[in-house]
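> mmCIF, C-alpha atoms, saved as protein-v3.cif, coming up:
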data_start
loop_
_atom_site.label_atom_id
_atom_site.label_comp_id
_atom_site.auth_asym_id
_atom_site.auth_seq_id
_atom_site.Cartn_x
_atom_site.Cartn_y
_atom_site.Cartn_z
CA MET A 1 84.46 -37.16 74.49
CA THR A 2 88.00 -37.90 73.28
CA PRO A 3 90.71 -35.20 72.94
CA ASN A 4 90.51 -35.56 69.15
CA HIS A 5 86.77 -34.91 69.23
CA ASN A 6 87.31 -31.87 71.45
CA ALA A 7 89.88 -30.46 69.01
CA LEU A 8 87.56 -31.07 66.06
CA ASP A 9 84.65 -29.39 67.84
CA ARG A 10 86.78 -26.36 68.71
CA GLN A 11 87.90 -26.07 65.10
CA THR A 12 84.30 -26.25 63.86
CA LEU A 13 83.11 -23.67 66.40
CA THR A 14 85.98 -21.36 65.47
CA ARG A 15 85.04 -21.52 61.79
CA TRP A 16 81.42 -20.70 62.58
CA ARG A 17 82.57 -17.85 64.84
CA LEU A 18 84.61 -16.39 61.94
CA VAL A 19 81.68 -16.77 59.57
CA LEU A 20 79.16 -15.13 61.91
CA GLY A 21 81.42 -12.35 63.23
CA LYS A 22 81.65 -10.89 66.71
CA SER A 23 77.86 -10.80 67.03
CA ALA A 24 78.10 -14.55 67.63
CA GLU A 25 79.70 -13.87 71.03
CA THR A 26 76.34 -12.64 72.36
CA HIS A 27 75.19 -16.25 71.93
CA GLY A 28 78.22 -17.68 73.69
CA LEU A 29 80.15 -18.56 70.52
CA GLY A 30 83.68 -17.17 70.90
CA LEU A 31 87.21 -17.88 69.74
CA ALA A 32 89.25 -20.34 71.73
CA PRO A 33 91.69 -18.70 74.21
CA GLY A 34 95.19 -18.42 72.78
CA ASP A 35 94.08 -19.02 69.16
CA GLU A 36 96.06 -16.10 67.78
CA GLN A 37 95.83 -17.20 64.13
CA SER A 38 92.03 -17.16 64.27
CA ARG A 39 92.12 -13.73 65.92
CA ARG A 40 94.34 -12.40 63.13
CA ILE A 41 91.94 -13.86 60.54
CA GLU A 42 89.04 -12.22 62.40
CA GLN A 43 90.76 -8.84 62.21
CA LEU A 44 91.40 -9.22 58.49
CA LEU A 45 87.77 -10.17 57.83
CA GLY A 46 86.57 -7.35 60.06
CA TYR A 47 88.65 -4.84 58.12
CA LEU A 48 87.36 -6.20 54.82
CA PHE A 49 83.67 -6.38 55.73
CA GLY A 50 83.61 -3.36 58.03
CA GLU A 51 82.79 -5.21 61.23
CA GLY A 52 84.98 -2.89 63.24
CA SER A 53 85.97 -5.45 65.87
CA ALA A 54 88.42 -4.40 68.53
CA PRO A 55 91.94 -5.66 67.89
CA SER A 56 93.36 -8.40 70.06
CA GLN A 57 96.79 -8.50 71.64
CA PRO A 58 99.37 -10.02 69.28
CA ALA A 59 101.25 -13.17 70.04
CA ARG A 60 104.92 -12.84 70.87
CA GLY A 61 106.97 -12.13 67.76
CA GLN A 62 103.95 -10.98 65.74
CA ALA A 63 103.35 -7.49 64.41
CA SER A 64 100.78 -5.64 66.47
CA LEU A 65 97.48 -4.63 64.95
CA ALA A 66 96.48 -2.53 67.94
CA PRO A 67 95.48 1.15 67.54
CA GLY A 68 99.14 2.14 67.77
CA HIS A 69 99.71 0.02 64.65
CA PRO A 70 96.56 0.65 62.58
CA MET A 71 95.56 -1.68 59.78
CA THR A 72 96.41 -0.31 56.35
CA ILE A 73 95.69 -1.74 52.93
CA PRO A 74 99.35 -2.78 52.31
CA ARG A 75 99.49 -4.42 55.77
CA TRP A 76 96.16 -6.15 55.12
CA VAL A 77 97.44 -7.56 51.81
CA ASP A 78 100.61 -8.84 53.50
CA GLU A 79 98.62 -10.55 56.26
CA VAL A 80 96.22 -12.15 53.77
CA ASN A 81 99.17 -13.43 51.71
CA GLU A 82 100.57 -15.05 54.85
CA LEU A 83 97.38 -16.65 56.17
CA PHE A 84 95.28 -17.66 53.17
CA PRO A 85 95.78 -19.97 50.16
CA ARG A 86 95.90 -18.45 46.67
CA GLN A 87 92.27 -19.10 45.71
CA ALA A 88 90.98 -17.49 48.91
CA ARG A 89 93.38 -14.55 48.46
CA GLU A 90 91.98 -13.79 45.03
CA VAL A 91 88.42 -13.72 46.38
CA MET A 92 89.37 -11.50 49.33
CA GLU A 93 91.42 -9.12 47.22
CA ARG A 94 88.51 -8.77 44.79
CA GLU A 95 86.31 -7.84 47.75
CA LEU A 96 88.96 -5.39 48.95
CA VAL A 97 88.84 -3.55 45.63
CA ALA A 98 85.04 -3.51 45.68
CA ARG A 99 84.63 -2.43 49.33
CA ARG A 100 87.58 -0.21 50.17
CA GLY A 101 87.45 2.09 47.17
CA LEU A 102 89.38 1.80 43.93
CA LYS A 103 91.12 5.12 44.06
CA ALA A 104 92.87 4.41 47.34
CA ILE A 105 94.13 1.08 45.99
CA LEU A 106 94.95 1.80 42.37
CA GLU A 107 97.05 4.88 43.16
CA LYS A 108 99.41 2.96 45.45
CA PRO A 109 102.19 0.91 43.80
CA GLU A 110 102.96 -0.81 47.11
CA VAL A 111 99.46 -2.29 47.13
CA LEU A 112 99.52 -3.52 43.53
CA GLU A 113 102.92 -5.12 44.10
CA ARG A 114 101.41 -7.27 46.86
CA ILE A 115 98.11 -8.29 45.29
CA GLU A 116 98.04 -11.71 43.61
CA PRO A 117 97.95 -11.30 39.79
CA SER A 118 94.73 -12.78 38.42
CA THR A 119 92.20 -12.36 35.64
CA GLU A 120 89.92 -10.55 38.09
CA LEU A 121 92.67 -8.07 38.94
CA VAL A 122 93.32 -7.50 35.23
CA LYS A 123 89.62 -6.76 34.71
CA THR A 124 89.72 -4.24 37.56
CA LEU A 125 92.83 -2.52 36.23
CA LEU A 126 91.43 -2.29 32.70
CA THR A 127 88.04 -1.07 33.86
CA HIS A 128 89.51 1.70 36.01
CA LYS A 129 92.81 2.44 34.27
CA GLY A 130 91.88 6.12 34.32
CA LEU A 131 92.57 6.09 38.08
CA LEU A 132 96.16 4.93 37.60
CA ASN A 133 98.97 7.39 38.13
CA GLU A 134 102.25 7.21 36.24
CA LYS A 135 103.89 4.71 38.60
CA THR A 136 100.90 2.43 39.04
CA ARG A 137 100.22 2.47 35.28
CA VAL A 138 103.66 0.97 34.65
CA LEU A 139 103.07 -1.62 37.35
CA ALA A 140 99.55 -2.35 36.08
CA ARG A 141 100.93 -3.02 32.62
CA LYS A 142 103.44 -5.44 34.13
CA ILE A 143 100.68 -7.28 36.04
CA ILE A 144 98.42 -7.49 32.97
CA ASP A 145 101.29 -8.78 30.85
CA GLN A 146 102.13 -11.45 33.46
CA VAL A 147 98.56 -12.75 33.59
CA VAL A 148 98.20 -12.66 29.80
CA GLN A 149 101.46 -14.54 29.26
CA GLU A 150 100.41 -17.19 31.77
CA LEU A 151 97.13 -17.67 29.89
CA LYS A 152 98.97 -17.76 26.58
CA ASN A 153 101.45 -20.38 27.80
CA LYS A 154 98.58 -22.47 29.15
CA LEU A 155 96.65 -22.39 25.88
CA ARG A 156 99.34 -22.22 23.18
CA LEU A 157 100.25 -25.88 22.80
CA GLN A 158 96.73 -27.29 22.62
CA VAL A 159 95.38 -24.50 20.39
CA LEU A 160 98.31 -24.74 17.97
CA ARG A 161 98.02 -28.53 17.83
CA THR A 162 94.29 -28.35 17.14
CA ILE A 163 94.46 -25.69 14.43
CA THR A 164 97.66 -26.96 12.80
CA GLY A 165 96.27 -30.49 12.54
CA ALA A 166 93.12 -29.21 10.86
CA ILE A 167 95.12 -27.09 8.39
CA ARG A 168 97.36 -30.00 7.40
CA ARG A 169 94.35 -32.17 6.73
CA ASP A 170 92.72 -29.36 4.76
CA GLN A 171 95.78 -28.87 2.58
CA HIS A 172 96.23 -32.56 1.78
CA SER A 173 92.68 -33.75 1.18
CA PRO A 174 89.88 -32.61 -1.12
CA ARG A 175 87.19 -30.50 0.54
CA LYS A 176 84.11 -32.24 -0.76
CA VAL A 177 81.48 -29.67 0.10
CA PHE A 178 78.64 -28.45 -2.09
CA ARG A 179 79.89 -24.88 -2.37
CA ASN A 180 83.13 -26.16 -3.98
CA LEU A 181 81.32 -28.36 -6.55
CA ASP A 182 82.63 -27.87 -10.12
CA LEU A 183 79.36 -28.66 -11.87
CA LYS A 184 80.50 -28.01 -15.45
CA ARG A 185 83.59 -30.18 -15.13
CA THR A 186 81.61 -32.94 -13.41
CA ILE A 187 79.05 -33.04 -16.25
CA ARG A 188 81.70 -32.86 -18.99
CA ARG A 189 83.85 -35.65 -17.53
CA ASN A 190 80.84 -37.95 -17.06
CA LEU A 191 79.06 -37.42 -20.41
CA HIS A 192 80.18 -40.82 -21.66
CA HIS A 193 78.01 -42.33 -18.90
CA PHE A 194 74.84 -40.72 -20.26
CA ASP A 195 72.00 -43.28 -20.50
CA ARG A 196 69.86 -42.39 -23.52
CA LYS A 197 67.10 -44.80 -22.56
CA THR A 198 66.46 -43.27 -19.16
CA GLN A 199 67.73 -39.83 -20.16
CA LYS A 200 69.90 -39.76 -17.02
CA LEU A 201 73.54 -38.92 -16.47
CA LEU A 202 75.30 -41.53 -14.36
CA VAL A 203 78.04 -39.79 -12.37
CA SER A 204 81.02 -41.96 -11.53
CA ARG A 205 83.18 -39.13 -10.21
CA ILE A 206 82.45 -35.68 -8.78
CA TYR A 207 84.89 -32.83 -9.29
CA TYR A 208 85.47 -29.85 -7.03
CA HIS A 209 86.80 -26.39 -7.73
CA ALA A 210 90.31 -25.18 -7.27
CA ALA A 211 92.47 -27.69 -5.53
CA GLU A 212 95.08 -24.93 -5.50
CA SER A 213 92.86 -22.85 -3.20
CA ARG A 214 93.62 -25.29 -0.40
CA HIS A 215 97.17 -23.98 -0.38
CA GLN A 216 95.98 -20.44 0.30
CA PRO A 217 96.26 -19.42 3.98
CA TRP A 218 93.20 -19.33 6.16
CA GLN A 219 92.12 -15.90 7.34
CA VAL A 220 90.85 -15.40 10.89
CA ILE A 221 89.25 -12.04 11.71
CA ILE A 222 88.44 -11.37 15.36
CA ALA A 223 86.07 -8.52 16.19
CA VAL A 224 85.82 -7.63 19.89
CA ASP A 225 82.96 -5.66 21.42
CA GLN A 226 84.35 -3.07 23.86
CA SER A 227 81.28 -3.20 26.11
CA GLY A 228 82.21 -3.57 29.77
CA SER A 229 80.20 -6.79 30.00
CA MET A 230 82.52 -8.39 27.43
CA LEU A 231 85.76 -7.57 29.26
CA GLU A 232 86.72 -11.11 30.31
CA SER A 233 85.99 -12.36 26.79
CA ALA A 234 88.11 -9.53 25.40
CA ILE A 235 91.08 -10.68 27.51
CA PHE A 236 90.86 -14.22 26.15
CA SER A 237 90.26 -12.91 22.62
CA ALA A 238 93.52 -10.94 22.73
CA VAL A 239 95.36 -14.05 23.91
CA MET A 240 93.83 -16.30 21.23
CA ALA A 241 94.50 -13.76 18.48
CA SER A 242 98.15 -13.63 19.53
CA ILE A 243 98.39 -17.44 19.33
CA PHE A 244 96.73 -17.55 15.90
CA HIS A 245 99.11 -14.83 14.71
CA ALA A 246 102.05 -17.20 15.27
CA LEU A 247 100.67 -19.72 12.76
CA PRO A 248 102.27 -19.36 9.32
CA ALA A 249 99.19 -20.83 7.57
CA VAL A 250 96.79 -18.35 9.22
CA ARG A 251 96.43 -14.65 8.47
CA THR A 252 95.01 -13.05 11.61
CA SER A 253 93.31 -9.68 12.02
CA LEU A 254 91.99 -8.16 15.24
CA PHE A 255 89.92 -5.08 15.88
CA ALA A 256 87.84 -3.65 18.72
CA PHE A 257 84.59 -1.82 18.19
CA ASP A 258 81.86 0.23 19.84
CA THR A 259 80.27 2.70 17.45
CA GLU A 260 83.68 3.04 15.80
CA VAL A 261 86.33 0.49 14.82
CA ALA A 262 89.92 0.39 16.11
CA ASP A 263 92.17 -1.99 14.16
CA LEU A 264 94.68 -3.61 16.54
CA THR A 265 96.28 -6.08 14.14
CA GLU A 266 99.69 -4.41 14.36
CA ARG A 267 99.68 -5.05 18.13
CA LEU A 268 99.01 -8.79 17.92
CA ASN A 269 102.49 -9.69 19.17
CA GLU A 270 101.76 -7.84 22.43
CA PRO A 271 98.32 -8.73 23.85
CA VAL A 272 98.94 -6.33 26.75
CA ASP A 273 99.10 -3.47 24.22
CA VAL A 274 95.79 -4.62 22.76
CA LEU A 275 94.10 -4.59 26.16
CA MET A 276 95.61 -1.29 27.32
CA THR A 277 94.39 0.33 24.08
CA MET A 278 90.76 -0.73 24.45
CA GLN A 279 88.30 1.94 25.55
CA LEU A 280 85.52 0.27 27.49
CA GLY A 281 81.95 1.51 27.32
CA GLY A 282 80.09 3.58 24.78
CA GLY A 283 77.53 2.45 22.21
CA THR A 284 77.57 -0.67 20.07
CA ASP A 285 77.38 -0.95 16.29
CA ILE A 286 77.76 -4.64 15.47
CA THR A 287 76.64 -4.12 11.88
CA ARG A 288 79.47 -1.68 11.28
CA ALA A 289 81.93 -4.14 12.83
CA LEU A 290 80.84 -6.88 10.42
CA GLN A 291 81.00 -4.46 7.49
CA TYR A 292 84.59 -3.69 8.44
CA ALA A 293 85.37 -7.41 8.76
CA GLU A 294 83.87 -7.99 5.32
CA GLN A 295 86.26 -5.41 3.85
CA LEU A 296 89.21 -7.40 5.21
CA VAL A 297 88.15 -10.67 3.56
CA ARG A 298 90.37 -11.95 0.72
CA GLN A 299 89.11 -15.49 0.14
CA PRO A 300 85.54 -15.84 1.50
CA LEU A 301 85.62 -19.65 1.47
CA ARG A 302 88.78 -19.63 3.61
CA THR A 303 87.76 -16.97 6.11
CA ILE A 304 86.48 -17.31 9.66
CA VAL A 305 85.07 -14.23 11.38
CA VAL A 306 84.93 -14.50 15.18
CA LEU A 307 82.54 -11.90 16.58
CA VAL A 308 82.81 -11.38 20.35
CA THR A 309 79.72 -9.48 21.50
CA ASP A 310 76.67 -9.41 23.74
CA PHE A 311 74.45 -8.91 20.66
CA HIS A 312 72.91 -5.70 21.98
CA GLU A 313 72.85 -3.85 18.67
CA GLY A 314 72.69 -0.06 18.58
CA ARG A 315 71.15 0.27 15.13
CA PRO A 316 68.05 -1.47 13.71
CA GLU A 317 68.36 -5.24 14.17
CA ALA A 318 67.23 -5.95 10.61
CA MET A 319 70.39 -4.31 9.26
CA LEU A 320 72.54 -6.64 11.33
CA ILE A 321 70.65 -9.74 10.18
CA GLN A 322 70.94 -8.63 6.57
CA GLN A 323 74.71 -8.15 6.96
CA VAL A 324 75.13 -11.61 8.52
CA LYS A 325 73.09 -13.19 5.73
CA ARG A 326 75.12 -11.50 2.99
CA MET A 327 78.43 -12.65 4.46
CA ALA A 328 77.16 -16.20 5.00
CA GLN A 329 75.91 -16.43 1.41
CA ALA A 330 79.38 -15.37 0.22
CA GLY A 331 80.81 -18.43 2.00
CA ILE A 332 82.34 -16.63 5.00
CA ARG A 333 82.08 -18.70 8.18
CA MET A 334 81.06 -16.71 11.24
CA ILE A 335 81.23 -17.58 14.93
CA GLY A 336 79.39 -15.33 17.37
CA LEU A 337 80.80 -15.57 20.89
CA ALA A 338 78.55 -14.43 23.70
CA ALA A 339 81.32 -15.43 26.13
CA LEU A 340 84.89 -16.69 25.87
CA GLY A 341 86.68 -17.89 28.99
CA TYR A 342 86.52 -20.35 31.86
CA ASP A 343 84.23 -18.52 34.27
CA ALA A 344 82.45 -16.16 31.89
CA ARG A 345 78.70 -16.08 32.39
CA PRO A 346 77.09 -14.93 29.16
CA ALA A 347 74.56 -12.13 29.45
CA TYR A 348 73.48 -11.37 25.91
CA ASN A 349 70.52 -10.61 23.68
CA LYS A 350 69.36 -14.14 22.92
CA SER A 351 66.69 -12.98 20.52
CA THR A 352 69.16 -11.15 18.27
CA ALA A 353 71.71 -13.96 18.59
CA GLY A 354 69.05 -16.47 17.55
CA LYS A 355 68.22 -14.46 14.43
CA CYS A 356 71.93 -14.26 13.59
CA ARG A 357 72.11 -18.05 13.90
CA LYS A 358 69.24 -18.48 11.45
CA ALA A 359 71.02 -16.08 9.06
CA GLY A 360 74.18 -18.22 9.05
CA MET A 361 76.25 -17.46 12.17
CA ASP A 362 77.26 -20.11 14.71
CA ILE A 363 76.53 -18.87 18.27
CA LEU A 364 78.73 -20.13 21.11
CA SER A 365 79.67 -19.51 24.72
CA CYS A 366 82.80 -21.55 25.29
CA THR A 367 86.31 -21.99 26.58
CA PRO A 368 89.31 -21.07 24.41
CA GLU A 369 89.98 -24.75 23.72
CA SER A 370 86.41 -25.27 22.55
CA LEU A 371 86.72 -22.28 20.23
CA ALA A 372 89.84 -23.82 18.68
CA GLU A 373 87.95 -27.09 18.16
CA ALA A 374 85.05 -25.24 16.48
CA MET A 375 87.45 -23.46 14.15
CA ALA A 376 89.24 -26.73 13.37
CA ARG A 377 85.94 -28.32 12.32
CA ILE A 378 85.34 -25.43 9.92
CA ILE A 379 88.84 -25.76 8.45
CA ARG A 380 88.52 -29.52 8.01
CA GLY A 381 85.24 -28.89 6.13
#
Spit out the file's structure as structure tokens when you get a sec.

Amino acid sequence: MTPNHNALDRQTLTRWRLVLGKSAETHGLGLAPGDEQSRRIEQLLGYLFGEGSAPSQPARGQASLAPGHPMTIPRWVDEVNELFPRQAREVMERELVARRGLKAILEKPEVLERIEPSTELVKTLLTHKGLLNEKTRVLARKIIDQVVQELKNKLRLQVLRTITGAIRRDQHSPRKVFRNLDLKRTIRRNLHHFDRKTQKLLVSRIYYHAAESRHQPWQVIIAVDQSGSMLESAIFSAVMASIFHALPAVRTSLFAFDTEVADLTERLNEPVDVLMTMQLGGGTDITRALQYAEQLVRQPLRTIVVLVTDFHEGRPEAMLIQQVKRMAQAGIRMIGLAALGYDARPAYNKSTAGKCRKAGMDILSCTPESLAEAMARIIRG
């Protein structure tokens, strides 16, 4: 066997040894002598998964992890940052929060300063913000704001281009849809084409209502369910609402709901404020949320209501369906989002969502870019 093959085999065996843990040594599968990096990785994994393996002697120039220098959470985070790529760090840090206890982590600013900011960390901080002390609350806000701004910068250009393009087309072309048909004007202007022999009116041109209405701004109302299962979608909803708010031709409203409604429109410039204000948990009254949205509507035909929810309604389902039907018949376009994000896995009441669809609501689980495309199609008519 060539030296290259030997090196490859050792690397493969080392990876399996790290996967299986120290119990693999009983079957003769151990770490290669002198492989200090693998031993450090083993110690980090052992601390995370509770294997309790005995620490090895450090290489020269390395910090000792022996009993005289016990592993701590801040030290563990530093070591992981040194030895693992970003994607692996995020997974391991998520496991750290889950396995080592939230209170011990979220009360220590030195730990939060070292953990890689990510959507998962934001979800953890928002879910357990009651555990934060004064110092870690300030730091948590800074972390949440950093992640939110990164998402906003990533999405802003494409979302603005999509929505702005649709609005320009809407404002400069007739919206030839049935609900805008001006029947009286169409009949009056085509009377000279009436065929007495066949008793039929031949229509050479169709007229539509209110060309001036196209110059009215579009209204986007975003209603966010505060259920814990909708947390990731709530993060992206706050980001999208902030982007929409920057559009001069769009009037944006945002509110969160459980059994009550909390209007957050005044905080649209600061998505971090929106997220820190949300109170996760509690009951769900989707009907009440839609009733509140309906009160905000100025021009039904130029309004899009985005409902972010798992469709687990707290009051009788029939009331919700009736509310959806009434708003749809008024010309309000509604999008029900069971999930909004890149990794969100929708867990929602499909039966209720299906009935809402039949009553006039579009039901989606999509990325932010796909939501913008769906809204653009509505605006373009």
> CA of Val148 (chain A) and CA of Glu116 (chain A) are how many Å apart?
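CA of Glu116 (chain A) lies at a distance of 13.8 Å from CA of Val148 (chain A).
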> Interatomic distance between CA of Val261 (chain A) and CA of Ile379 (chain A)?
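One can read the CA of Val261 (chain A) to CA of Ile379 (chain A) distance as 27.1 Å.
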> Take the PyMOL selection byres ((chain A and resi 107) around 7), apply it to the structure above, and return the hits as a list in words.
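Going through the file, the PyMOL selection byres ((chain A and resi 107) around 7) ends up selecting Lys103, Ala104, Ile105, Leu106, Lys108, Pro109, Leu131, Leu132, Asn133 and Thr136 of chain A.
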> Show me the residues close to (95.7, -20.1, 4.0) - anything with an atom within 12 Å, counting only C-alpha atoms - and format the list as JSON, numbers by chain.
{"A": [163, 164, 166, 167, 168, 170, 171, 212, 213, 214, 215, 216, 217, 218, 219, 220, 247, 248, 249, 250, 251, 252, 298, 299, 300, 301, 302, 303, 304, 379]}
> What is the distance, in Å and to one decimal place, between CA of Ala238 (chain A) and CA of Leu268 (chain A)?
7.6 Å
> May I have the residues at most 6 Å from (85.6, -5.9, 17.0) in the file's coordinates, counting all atoms listed in the file, as a ChimeraX atom specification?
/A:223-225,255-257,289
> Please evaluate the PyMOL selection byres ((chain A and resi 115) around 10) against the structure above and give the resulting residues as a PyMOL selection string.
chain A and resi 74+77-78+80-81+89-90+93-94+110-114+116-118+121+143
> Between A:Ala347, A:Ile321, A:Asp362, A:Asn269, which one has atoms that come closest to Val305 (chain A), using only C-alpha atoms?
A:Asp362
> Given the file shown, determine the residues that the PyMOL selection byres ((chain A and resi 240) around 9) selects; report them as JSON, numbers by chain.
{"A": [152, 155, 156, 159, 235, 236, 237, 238, 239, 241, 242, 243, 244, 245, 368, 372]}
> What would region 354-377 of chain A look like with N, CA and C atoms restored, written as a PDB file, in the frame of the given file?

ATOM      1  N   GLY A 354      69.785 -15.411  18.233  1.00  0.00           N
ATOM      2  CA  GLY A 354      69.050 -16.470  17.550  1.00  0.00           C
ATOM      3  C   GLY A 354      68.765 -16.139  16.095  1.00  0.00           C
ATOM      4  N   LYS A 355      68.454 -14.881  15.811  1.00  0.00           N
ATOM      5  CA  LYS A 355      68.220 -14.460  14.430  1.00  0.00           C
ATOM      6  C   LYS A 355      69.505 -14.501  13.618  1.00  0.00           C
ATOM      7  N   CYS A 356      70.621 -14.164  14.266  1.00  0.00           N
ATOM      8  CA  CYS A 356      71.930 -14.260  13.590  1.00  0.00           C
ATOM      9  C   CYS A 356      72.249 -15.713  13.262  1.00  0.00           C
ATOM     10  N   ARG A 357      71.885 -16.617  14.157  1.00  0.00           N
ATOM     11  CA  ARG A 357      72.110 -18.050  13.900  1.00  0.00           C
ATOM     12  C   ARG A 357      71.316 -18.502  12.673  1.00  0.00           C
ATOM     13  N   LYS A 358      70.072 -18.096  12.592  1.00  0.00           N
ATOM     14  CA  LYS A 358      69.240 -18.480  11.450  1.00  0.00           C
ATOM     15  C   LYS A 358      69.794 -17.882  10.143  1.00  0.00           C
ATOM     16  N   ALA A 359      70.473 -16.736  10.254  1.00  0.00           N
ATOM     17  CA  ALA A 359      71.020 -16.080   9.060  1.00  0.00           C
ATOM     18  C   ALA A 359      72.353 -16.674   8.634  1.00  0.00           C
ATOM     19  N   GLY A 360      72.946 -17.553   9.473  1.00  0.00           N
ATOM     20  CA  GLY A 360      74.180 -18.220   9.050  1.00  0.00           C
ATOM     21  C   GLY A 360      75.359 -18.097   9.986  1.00  0.00           C
ATOM     22  N   MET A 361      75.161 -17.611  11.216  1.00  0.00           N
ATOM     23  CA  MET A 361      76.250 -17.460  12.170  1.00  0.00           C
ATOM     24  C   MET A 361      76.131 -18.501  13.280  1.00  0.00           C
ATOM     25  N   ASP A 362      77.234 -19.198  13.572  1.00  0.00           N
ATOM     26  CA  ASP A 362      77.260 -20.110  14.710  1.00  0.00           C
ATOM     27  C   ASP A 362      77.334 -19.279  16.000  1.00  0.00           C
ATOM     28  N   ILE A 363      76.538 -19.601  17.012  1.00  0.00           N
ATOM     29  CA  ILE A 363      76.530 -18.870  18.270  1.00  0.00           C
ATOM     30  C   ILE A 363      77.055 -19.784  19.372  1.00  0.00           C
ATOM     31  N   LEU A 364      78.088 -19.326  20.077  1.00  0.00           N
ATOM     32  CA  LEU A 364      78.730 -20.130  21.110  1.00  0.00           C
ATOM     33  C   LEU A 364      79.000 -19.321  22.371  1.00  0.00           C
ATOM     34  N   SER A 365      79.085 -20.015  23.491  1.00  0.00           N
ATOM     35  CA  SER A 365      79.670 -19.510  24.720  1.00  0.00           C
ATOM     36  C   SER A 365      80.594 -20.615  25.183  1.00  0.00           C
ATOM     37  N   CYS A 366      81.907 -20.398  25.139  1.00  0.00           N
ATOM     38  CA  CYS A 366      82.800 -21.550  25.290  1.00  0.00           C
ATOM     39  C   CYS A 366      84.153 -21.154  25.858  1.00  0.00           C
ATOM     40  N   THR A 367      84.935 -22.176  26.150  1.00  0.00           N
ATOM     41  CA  THR A 367      86.310 -21.990  26.580  1.00  0.00           C
ATOM     42  C   THR A 367      87.192 -21.757  25.358  1.00  0.00           C
ATOM     43  N   PRO A 368      88.408 -21.254  25.553  1.00  0.00           N
ATOM     44  CA  PRO A 368      89.310 -21.070  24.410  1.00  0.00           C
ATOM     45  C   PRO A 368      89.585 -22.375  23.659  1.00  0.00           C
ATOM     46  N   GLU A 369      89.729 -23.473  24.387  1.00  0.00           N
ATOM     47  CA  GLU A 369      89.980 -24.750  23.720  1.00  0.00           C
ATOM     48  C   GLU A 369      88.803 -25.169  22.848  1.00  0.00           C
ATOM     49  N   SER A 370      87.597 -24.928  23.337  1.00  0.00           N
ATOM     50  CA  SER A 370      86.410 -25.270  22.550  1.00  0.00           C
ATOM     51  C   SER A 370      86.298 -24.405  21.301  1.00  0.00           C
ATOM     52  N   LEU A 371      86.709 -23.148  21.407  1.00  0.00           N
ATOM     53  CA  LEU A 371      86.720 -22.280  20.230  1.00  0.00           C
ATOM     54  C   LEU A 371      87.684 -22.826  19.182  1.00  0.00           C
ATOM     55  N   ALA A 372      88.865 -23.252  19.614  1.00  0.00           N
ATOM     56  CA  ALA A 372      89.840 -23.820  18.680  1.00  0.00           C
ATOM     57  C   ALA A 372      89.276 -25.056  17.996  1.00  0.00           C
ATOM     58  N   GLU A 373      88.559 -25.898  18.747  1.00  0.00           N
ATOM     59  CA  GLU A 373      87.950 -27.090  18.160  1.00  0.00           C
ATOM     60  C   GLU A 373      86.888 -26.711  17.117  1.00  0.00           C
ATOM     61  N   ALA A 374      86.085 -25.685  17.426  1.00  0.00           N
ATOM     62  CA  ALA A 374      85.050 -25.240  16.480  1.00  0.00           C
ATOM     63  C   ALA A 374      85.680 -24.726  15.197  1.00  0.00           C
ATOM     64  N   MET A 375      86.767 -23.980  15.328  1.00  0.00           N
ATOM     65  CA  MET A 375      87.450 -23.460  14.150  1.00  0.00           C
ATOM     66  C   MET A 375      88.088 -24.590  13.340  1.00  0.00           C
ATOM     67  N   ALA A 376      88.613 -25.584  14.045  1.00  0.00           N
ATOM     68  CA  ALA A 376      89.240 -26.730  13.370  1.00  0.00           C
ATOM     69  C   ALA A 376      88.203 -27.496  12.541  1.00  0.00           C
ATOM     70  N   ARG A 377      86.986 -27.624  13.077  1.00  0.00           N
ATOM     71  CA  ARG A 377      85.940 -28.320  12.320  1.00  0.00           C
ATOM     72  C   ARG A 377      85.595 -27.561  11.043  1.00  0.00           C
TER      73      ARG A 377
END
